[in-house]
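Visitor: What follows is data17.cif; its format and atoms are mmCIF, N, CA and C atoms.
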data_entry
#
loop_
_atom_site.label_atom_id
_atom_site.label_comp_id
_atom_site.auth_asym_id
_atom_site.auth_seq_id
_atom_site.Cartn_x
_atom_site.Cartn_y
_atom_site.Cartn_z
N GLU A 19 81.53 94.51 99.81
CA GLU A 19 82.13 95.75 99.40
C GLU A 19 82.38 96.64 100.61
N GLU A 20 81.45 96.64 101.55
CA GLU A 20 81.57 97.49 102.73
C GLU A 20 82.75 97.05 103.61
N GLU A 21 82.98 95.72 103.70
CA GLU A 21 84.10 95.22 104.49
C GLU A 21 85.42 95.66 103.89
N GLY A 22 85.52 95.68 102.58
CA GLY A 22 86.74 96.13 101.91
C GLY A 22 87.04 97.59 102.21
N GLU A 23 85.98 98.42 102.23
CA GLU A 23 86.17 99.83 102.55
C GLU A 23 86.62 100.01 103.99
N GLU A 24 86.07 99.20 104.91
CA GLU A 24 86.48 99.28 106.31
C GLU A 24 87.94 98.88 106.46
N ALA A 25 88.38 97.87 105.72
CA ALA A 25 89.78 97.44 105.78
C ALA A 25 90.69 98.54 105.25
N GLU A 26 90.26 99.23 104.16
CA GLU A 26 91.07 100.31 103.62
C GLU A 26 91.19 101.46 104.61
N VAL A 27 90.08 101.80 105.27
CA VAL A 27 90.11 102.86 106.28
C VAL A 27 91.00 102.46 107.44
N SER A 28 90.93 101.19 107.85
CA SER A 28 91.77 100.70 108.94
C SER A 28 93.24 100.76 108.55
N ASN A 29 93.58 100.36 107.32
CA ASN A 29 94.96 100.44 106.86
C ASN A 29 95.45 101.87 106.81
N LEU A 30 94.59 102.79 106.35
CA LEU A 30 94.96 104.19 106.29
C LEU A 30 95.18 104.75 107.69
N ARG A 31 94.30 104.39 108.63
CA ARG A 31 94.44 104.85 110.01
C ARG A 31 95.75 104.31 110.60
N SER A 32 96.04 103.04 110.34
CA SER A 32 97.28 102.44 110.83
C SER A 32 98.49 103.16 110.25
N ALA A 33 98.45 103.48 108.97
CA ALA A 33 99.56 104.19 108.34
C ALA A 33 99.73 105.58 108.93
N CYS A 34 98.63 106.25 109.21
CA CYS A 34 98.70 107.60 109.80
C CYS A 34 99.28 107.55 111.22
N VAL A 35 98.88 106.57 112.00
CA VAL A 35 99.43 106.41 113.35
C VAL A 35 100.93 106.12 113.26
N SER A 36 101.31 105.25 112.35
CA SER A 36 102.73 104.91 112.18
C SER A 36 103.52 106.14 111.74
N ALA A 37 102.97 106.91 110.80
CA ALA A 37 103.66 108.12 110.33
C ALA A 37 103.80 109.12 111.47
N SER A 38 102.78 109.24 112.31
CA SER A 38 102.86 110.15 113.46
C SER A 38 103.95 109.70 114.42
N PHE A 39 104.07 108.40 114.63
CA PHE A 39 105.10 107.87 115.53
C PHE A 39 106.49 108.17 114.97
N VAL A 40 106.69 107.97 113.68
CA VAL A 40 108.00 108.24 113.07
C VAL A 40 108.29 109.74 113.13
N ALA A 41 107.27 110.59 112.96
CA ALA A 41 107.47 112.03 113.07
C ALA A 41 107.88 112.39 114.50
N TYR A 42 107.27 111.74 115.49
CA TYR A 42 107.64 111.96 116.89
C TYR A 42 109.10 111.57 117.12
N ILE A 43 109.54 110.46 116.55
CA ILE A 43 110.93 110.04 116.68
C ILE A 43 111.85 111.09 116.06
N GLY A 44 111.47 111.60 114.88
CA GLY A 44 112.27 112.62 114.23
C GLY A 44 112.37 113.89 115.05
N LEU A 45 111.25 114.32 115.64
CA LEU A 45 111.29 115.52 116.48
C LEU A 45 112.15 115.29 117.72
N TRP A 46 112.04 114.11 118.31
CA TRP A 46 112.86 113.77 119.48
C TRP A 46 114.35 113.86 119.10
N ASN A 47 114.70 113.29 117.94
CA ASN A 47 116.10 113.35 117.49
C ASN A 47 116.54 114.79 117.25
N LEU A 48 115.68 115.57 116.63
CA LEU A 48 116.02 116.95 116.30
C LEU A 48 116.24 117.79 117.55
N PHE A 49 115.40 117.61 118.57
CA PHE A 49 115.47 118.49 119.73
C PHE A 49 116.27 117.94 120.90
N ALA A 50 116.48 116.64 120.98
CA ALA A 50 117.12 116.10 122.18
C ALA A 50 118.34 115.23 121.92
N LEU A 51 118.40 114.55 120.80
CA LEU A 51 119.46 113.56 120.62
C LEU A 51 120.83 114.18 120.41
N TRP A 52 120.89 115.41 119.94
CA TRP A 52 122.17 116.06 119.72
C TRP A 52 122.83 116.48 121.02
N VAL A 53 122.07 116.57 122.11
CA VAL A 53 122.61 117.04 123.39
C VAL A 53 123.77 116.16 123.87
N PRO A 54 123.63 114.80 123.89
CA PRO A 54 124.79 114.00 124.32
C PRO A 54 126.00 114.14 123.39
N ILE A 55 125.75 114.36 122.10
CA ILE A 55 126.87 114.54 121.17
C ILE A 55 127.62 115.82 121.50
N ALA A 56 126.88 116.91 121.71
CA ALA A 56 127.51 118.19 122.07
C ALA A 56 128.21 118.09 123.42
N ALA A 57 127.57 117.43 124.39
CA ALA A 57 128.18 117.29 125.71
C ALA A 57 129.47 116.49 125.62
N GLY A 58 129.46 115.40 124.86
CA GLY A 58 130.67 114.60 124.69
C GLY A 58 131.79 115.37 124.01
N HIS A 59 131.41 116.21 123.04
CA HIS A 59 132.41 117.00 122.32
C HIS A 59 133.05 118.04 123.24
N TYR A 60 132.20 118.82 123.92
CA TYR A 60 132.74 119.90 124.75
C TYR A 60 133.39 119.39 126.02
N ALA A 61 133.04 118.20 126.48
CA ALA A 61 133.71 117.61 127.64
C ALA A 61 135.05 116.98 127.25
N GLY A 62 135.28 116.83 125.95
CA GLY A 62 136.54 116.27 125.48
C GLY A 62 136.55 114.75 125.41
N TRP A 63 135.39 114.12 125.58
CA TRP A 63 135.32 112.65 125.53
C TRP A 63 135.42 112.14 124.10
N VAL A 64 134.61 112.72 123.21
CA VAL A 64 134.58 112.29 121.81
C VAL A 64 134.54 113.54 120.94
N PRO A 65 135.60 113.79 120.17
CA PRO A 65 135.56 114.98 119.31
C PRO A 65 134.57 114.78 118.16
N PHE A 66 133.82 115.81 117.86
CA PHE A 66 132.84 115.76 116.78
C PHE A 66 133.31 116.66 115.65
N THR A 67 133.36 116.12 114.45
CA THR A 67 133.66 116.91 113.26
C THR A 67 132.70 116.49 112.15
N LEU A 68 132.34 117.43 111.32
CA LEU A 68 131.50 117.12 110.17
C LEU A 68 132.33 116.34 109.15
N PRO A 69 131.68 115.50 108.37
CA PRO A 69 132.43 114.78 107.33
C PRO A 69 133.00 115.75 106.30
N PRO A 70 134.08 115.36 105.63
CA PRO A 70 134.64 116.23 104.59
C PRO A 70 133.62 116.45 103.46
N ASP A 71 133.79 117.54 102.75
CA ASP A 71 132.88 117.88 101.65
C ASP A 71 132.82 116.77 100.60
N ALA A 72 133.91 116.05 100.43
CA ALA A 72 133.96 115.00 99.40
C ALA A 72 132.96 113.87 99.67
N VAL A 73 132.64 113.62 100.92
CA VAL A 73 131.71 112.53 101.24
C VAL A 73 130.35 113.04 101.73
N MET A 74 130.17 114.35 101.81
CA MET A 74 128.91 114.88 102.32
C MET A 74 127.72 114.47 101.46
N ASN A 75 127.90 114.40 100.13
CA ASN A 75 126.82 113.95 99.26
C ASN A 75 126.42 112.51 99.58
N THR A 76 127.39 111.68 99.90
CA THR A 76 127.09 110.29 100.26
C THR A 76 126.33 110.24 101.58
N VAL A 77 126.71 111.07 102.53
CA VAL A 77 126.00 111.12 103.82
C VAL A 77 124.56 111.58 103.61
N LEU A 78 124.37 112.60 102.79
CA LEU A 78 123.01 113.09 102.51
C LEU A 78 122.19 112.03 101.77
N LEU A 79 122.81 111.32 100.84
CA LEU A 79 122.11 110.23 100.15
C LEU A 79 121.69 109.15 101.15
N ASP A 80 122.56 108.85 102.09
CA ASP A 80 122.23 107.87 103.13
C ASP A 80 121.02 108.34 103.94
N CYS A 81 120.96 109.63 104.26
CA CYS A 81 119.81 110.17 105.01
C CYS A 81 118.52 110.03 104.22
N VAL A 82 118.58 110.33 102.93
CA VAL A 82 117.39 110.22 102.08
C VAL A 82 116.94 108.76 101.98
N LEU A 83 117.89 107.85 101.79
CA LEU A 83 117.54 106.43 101.69
C LEU A 83 116.96 105.90 103.00
N GLU A 84 117.46 106.38 104.13
CA GLU A 84 116.91 105.98 105.42
C GLU A 84 115.46 106.45 105.56
N GLY A 85 115.19 107.67 105.12
CA GLY A 85 113.82 108.17 105.15
C GLY A 85 112.90 107.34 104.26
N ALA A 86 113.38 106.99 103.07
CA ALA A 86 112.59 106.15 102.17
C ALA A 86 112.36 104.77 102.79
N TYR A 87 113.39 104.21 103.43
CA TYR A 87 113.27 102.91 104.09
C TYR A 87 112.18 102.95 105.16
N LEU A 88 112.18 104.01 105.98
CA LEU A 88 111.16 104.12 107.03
C LEU A 88 109.77 104.25 106.43
N ALA A 89 109.64 104.98 105.34
CA ALA A 89 108.34 105.12 104.69
C ALA A 89 107.84 103.76 104.19
N TRP A 90 108.73 102.97 103.58
CA TRP A 90 108.34 101.64 103.10
C TRP A 90 108.00 100.70 104.26
N ILE A 91 108.73 100.83 105.36
CA ILE A 91 108.43 99.99 106.53
C ILE A 91 107.04 100.32 107.07
N ILE A 92 106.72 101.61 107.15
CA ILE A 92 105.39 102.01 107.64
C ILE A 92 104.31 101.46 106.71
N LEU A 93 104.52 101.58 105.42
CA LEU A 93 103.56 101.07 104.45
C LEU A 93 103.40 99.56 104.59
N ALA A 94 104.51 98.86 104.75
CA ALA A 94 104.46 97.39 104.89
C ALA A 94 103.73 96.98 106.16
N ILE A 95 103.98 97.68 107.27
CA ILE A 95 103.29 97.35 108.53
C ILE A 95 101.80 97.60 108.40
N SER A 96 101.43 98.70 107.74
CA SER A 96 100.00 99.00 107.62
C SER A 96 99.29 98.01 106.70
N MET A 97 100.02 97.36 105.79
CA MET A 97 99.39 96.42 104.87
C MET A 97 99.51 94.97 105.32
N SER A 98 100.35 94.70 106.30
CA SER A 98 100.46 93.31 106.78
C SER A 98 100.40 93.31 108.30
N SER A 99 101.49 92.92 108.96
CA SER A 99 101.51 92.93 110.42
C SER A 99 102.92 93.29 110.88
N PRO A 100 103.04 93.86 112.08
CA PRO A 100 104.36 94.20 112.59
C PRO A 100 105.28 92.98 112.70
N LEU A 101 104.73 91.84 113.07
CA LEU A 101 105.53 90.63 113.20
C LEU A 101 106.14 90.23 111.86
N PHE A 102 105.32 90.20 110.82
CA PHE A 102 105.79 89.81 109.50
C PHE A 102 106.89 90.75 109.02
N VAL A 103 106.69 92.04 109.20
CA VAL A 103 107.66 93.03 108.74
C VAL A 103 108.95 92.93 109.55
N THR A 104 108.84 92.74 110.86
CA THR A 104 110.03 92.62 111.70
C THR A 104 110.87 91.42 111.30
N ILE A 105 110.23 90.30 111.12
CA ILE A 105 110.97 89.10 110.74
C ILE A 105 111.55 89.26 109.34
N GLY A 106 110.80 89.86 108.44
CA GLY A 106 111.33 90.11 107.11
C GLY A 106 112.52 91.06 107.13
N THR A 107 112.49 92.05 108.01
CA THR A 107 113.60 92.98 108.15
C THR A 107 114.84 92.27 108.69
N VAL A 108 114.62 91.37 109.64
CA VAL A 108 115.74 90.59 110.19
C VAL A 108 116.37 89.74 109.09
N LEU A 109 115.58 89.30 108.13
CA LEU A 109 116.13 88.50 107.03
C LEU A 109 117.08 89.31 106.14
N ALA A 110 117.08 90.64 106.29
CA ALA A 110 118.02 91.46 105.51
C ALA A 110 119.46 91.16 105.92
N ILE A 111 119.68 90.73 107.15
CA ILE A 111 121.04 90.46 107.61
C ILE A 111 121.63 89.26 106.87
N PRO A 112 120.96 88.09 106.86
CA PRO A 112 121.53 87.00 106.08
C PRO A 112 121.60 87.30 104.58
N ALA A 113 120.63 88.07 104.08
CA ALA A 113 120.66 88.41 102.65
C ALA A 113 121.87 89.27 102.33
N SER A 114 122.20 90.21 103.20
CA SER A 114 123.38 91.04 102.94
C SER A 114 124.66 90.24 103.07
N ALA A 115 124.71 89.27 103.99
CA ALA A 115 125.88 88.40 104.10
C ALA A 115 126.05 87.57 102.83
N PHE A 116 124.94 87.07 102.30
CA PHE A 116 124.99 86.30 101.06
C PHE A 116 125.49 87.16 99.90
N MET A 117 124.98 88.38 99.80
CA MET A 117 125.40 89.27 98.71
C MET A 117 126.86 89.70 98.86
N ASP A 118 127.34 89.86 100.11
CA ASP A 118 128.76 90.13 100.32
C ASP A 118 129.61 88.99 99.77
N TYR A 119 129.14 87.77 99.98
CA TYR A 119 129.87 86.61 99.47
C TYR A 119 129.84 86.57 97.94
N VAL A 120 128.66 86.80 97.36
CA VAL A 120 128.51 86.71 95.91
C VAL A 120 129.28 87.84 95.20
N LEU A 121 129.13 89.06 95.69
CA LEU A 121 129.70 90.21 94.99
C LEU A 121 131.17 90.47 95.32
N HIS A 122 131.55 90.22 96.59
CA HIS A 122 132.89 90.61 97.03
C HIS A 122 133.75 89.44 97.51
N GLY A 123 133.17 88.26 97.57
CA GLY A 123 133.92 87.10 98.03
C GLY A 123 134.19 87.08 99.52
N ILE A 124 133.47 87.90 100.29
CA ILE A 124 133.65 87.94 101.74
C ILE A 124 132.86 86.80 102.34
N SER A 125 133.54 85.93 103.07
CA SER A 125 132.88 84.76 103.66
C SER A 125 132.66 84.98 105.15
N CYS A 126 131.64 84.34 105.68
CA CYS A 126 131.31 84.43 107.10
C CYS A 126 131.76 83.17 107.81
N PRO A 127 131.95 83.25 109.13
CA PRO A 127 132.27 82.04 109.89
C PRO A 127 131.10 81.06 109.89
N ALA A 128 131.38 79.81 110.23
CA ALA A 128 130.34 78.77 110.21
C ALA A 128 129.19 79.10 111.14
N LEU A 129 129.46 79.71 112.29
CA LEU A 129 128.38 80.05 113.23
C LEU A 129 127.42 81.07 112.62
N SER A 130 127.92 81.92 111.75
CA SER A 130 127.04 82.88 111.07
C SER A 130 126.04 82.16 110.17
N PHE A 131 126.51 81.10 109.51
CA PHE A 131 125.60 80.32 108.67
C PHE A 131 124.57 79.59 109.53
N ALA A 132 124.99 79.12 110.70
CA ALA A 132 124.05 78.47 111.62
C ALA A 132 123.00 79.47 112.08
N GLY A 133 123.43 80.68 112.42
CA GLY A 133 122.47 81.72 112.82
C GLY A 133 121.53 82.10 111.71
N THR A 134 122.05 82.18 110.49
CA THR A 134 121.22 82.47 109.33
C THR A 134 120.15 81.40 109.16
N GLY A 135 120.56 80.15 109.29
CA GLY A 135 119.59 79.04 109.18
C GLY A 135 118.51 79.13 110.24
N LEU A 136 118.89 79.50 111.46
CA LEU A 136 117.90 79.63 112.54
C LEU A 136 116.93 80.79 112.27
N VAL A 137 117.46 81.90 111.75
CA VAL A 137 116.58 83.04 111.44
C VAL A 137 115.58 82.66 110.36
N ILE A 138 116.05 82.00 109.32
CA ILE A 138 115.16 81.58 108.23
C ILE A 138 114.15 80.55 108.72
N ALA A 139 114.60 79.60 109.54
CA ALA A 139 113.68 78.59 110.09
C ALA A 139 112.63 79.25 110.98
N GLY A 140 113.03 80.23 111.77
CA GLY A 140 112.07 80.95 112.61
C GLY A 140 111.05 81.71 111.79
N PHE A 141 111.50 82.36 110.73
CA PHE A 141 110.60 83.08 109.84
C PHE A 141 109.57 82.13 109.23
N ILE A 142 110.05 81.02 108.72
CA ILE A 142 109.15 80.03 108.11
C ILE A 142 108.20 79.46 109.16
N GLY A 143 108.73 79.14 110.34
CA GLY A 143 107.89 78.57 111.40
C GLY A 143 106.78 79.49 111.85
N VAL A 144 107.09 80.76 112.05
CA VAL A 144 106.07 81.71 112.48
C VAL A 144 105.00 81.88 111.41
N ASN A 145 105.40 81.98 110.17
CA ASN A 145 104.41 82.15 109.10
C ASN A 145 103.57 80.91 108.89
N VAL A 146 104.16 79.72 109.01
CA VAL A 146 103.36 78.49 108.90
C VAL A 146 102.38 78.40 110.07
N ALA A 147 102.83 78.75 111.27
CA ALA A 147 101.94 78.71 112.44
C ALA A 147 100.77 79.68 112.26
N MET A 148 101.04 80.87 111.70
CA MET A 148 99.94 81.82 111.48
C MET A 148 98.98 81.31 110.42
N LEU A 149 99.49 80.62 109.40
CA LEU A 149 98.61 80.08 108.37
C LEU A 149 97.77 78.94 108.91
N VAL A 150 98.37 78.07 109.73
CA VAL A 150 97.66 76.90 110.23
C VAL A 150 96.69 77.26 111.34
N HIS A 151 97.15 78.04 112.29
CA HIS A 151 96.35 78.32 113.49
C HIS A 151 95.71 79.70 113.51
N GLY A 152 96.04 80.53 112.57
CA GLY A 152 95.52 81.89 112.60
C GLY A 152 96.15 82.66 113.73
N ARG A 153 95.51 83.70 114.18
CA ARG A 153 96.07 84.54 115.24
C ARG A 153 95.41 84.27 116.58
N ARG A 154 94.67 83.19 116.69
CA ARG A 154 94.03 82.86 117.98
C ARG A 154 95.10 82.64 119.05
N GLY A 155 94.90 83.25 120.18
CA GLY A 155 95.79 83.03 121.30
C GLY A 155 97.11 83.79 121.22
N TRP A 156 97.34 84.53 120.13
CA TRP A 156 98.57 85.29 120.01
C TRP A 156 98.34 86.65 120.65
N PRO A 157 99.37 87.29 121.19
CA PRO A 157 99.18 88.63 121.74
C PRO A 157 98.67 89.59 120.68
N SER A 158 97.92 90.59 121.10
CA SER A 158 97.29 91.50 120.13
C SER A 158 98.30 92.33 119.35
N TRP A 159 99.50 92.51 119.89
CA TRP A 159 100.47 93.34 119.20
C TRP A 159 101.19 92.60 118.08
N LEU A 160 100.95 91.31 117.91
CA LEU A 160 101.60 90.55 116.85
C LEU A 160 100.81 90.61 115.57
#
Now that the file is in, can you turn its structure into structure tokens?
Guide:
Amino acid sequence: EEEGEEAEVSNLRSACVSASFVAYIGLWNLFALWVPIAAGHYAGWVPFTLPPDAVMNTVLLDCVLEGAYLAWIILAISMSSPLFVTIGTVLAIPASAFMDYVLHGISCPALSFAGTGLVIAGFIGVNVAMLVHGRRGWPSWL
């Protein structure tokens, strides 16, 4: 019972550290990332305009969904491992290509299917290796 409580505290600590890191990224974006956009606009390199009112709700929805996505990623990392979550996130690319084909009939070139197969094979290989050999000899950040 005591080991379970220690694991819960460790997961909570990991989630708090991850949330702090994401908050730091947000503050960095808020205070510094807009500077190159403003510089590019006023220098005349890239004009900046806000989206029209008709699509602003869609942009705001996208912002909310991105925030929810980051929250779920933090939760997933705290409950499993960064490696597992990263590889699972990479699998979103072939999944979206498949859904584009199913829903919209958009097909990918043959090399895209080869890349998809390699991504899936890598995901399976890493997880089988972790099951068979555990984490011995792997870097601590995995």
Visitor: Identify the residues around (115.2, 85.9, 107.8) within a radius of 5 Å, measuring from all atoms listed in the file in the coordinates stated by the file, and give them as a list in words.
Guide: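 Protein and nucleic acid residues near the point are Val108, Leu109, Val137 and Ile138 of chain A.
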Visitor: Just list the residues in segment 49-153 of chain A DSSP gives helix (DSSP H, G or I) on the backbone, as a ChimeraX atom specification.
Guide: /A:49-61,71-97,100-108,110-122,128-151
Visitor: If I take atom N of Trp52 of chain A and atom C of Glu84 of chain A, how far is one from the other in Å, to one decimal?
Guide: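 Straight-line distance from atom N of Trp52 of chain A to atom C of Glu84 of chain A works out to 17.8 Å.
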Visitor: Hey, can you check how far atom N of Met97 of chain A sits from atom N of Ala37 of chain A?
Guide: 11.2 Å
Visitor: Could you give me, as a list of chain:residue names, the residues that have an atom at most 8 Å away from the point (106.5, 87.8, 114.0) in the coordinates of the file, using all atoms listed in the file?
Guide: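 Selection result: A:Ser99, A:Pro100, A:Leu101, A:Phe102, A:Val103, A:Thr104, A:Ile105, A:Gly106, A:Gly140, A:Phe141, A:Val144, A:Asn145, A:Leu160.
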Visitor: Quick one: pull the distance between atom CA of Ile43 of chain A and atom CA of Asp71 of chain A, Å, one decimal.
Guide: 27.7 Å
Visitor: Between A:Ser125, A:Ser96, A:Thr134, A:Asn47, which residue has the minimum interatomic distance to Ile111 of chain A, considering all atoms listed in the file?
Guide: A:Thr134
Visitor: Please put the answer as JSON: centre and edge lengths, in Å with one decimal, of a box along x, y and z that encloses all listed atoms of segment 128-142 of chain A plus 6 Å on each side.
Guide:
{"center_x": 119.8, "center_y": 80.8, "center_z": 110.7, "size_x": 35.2, "size_y": 16.6, "size_z": 17.1}
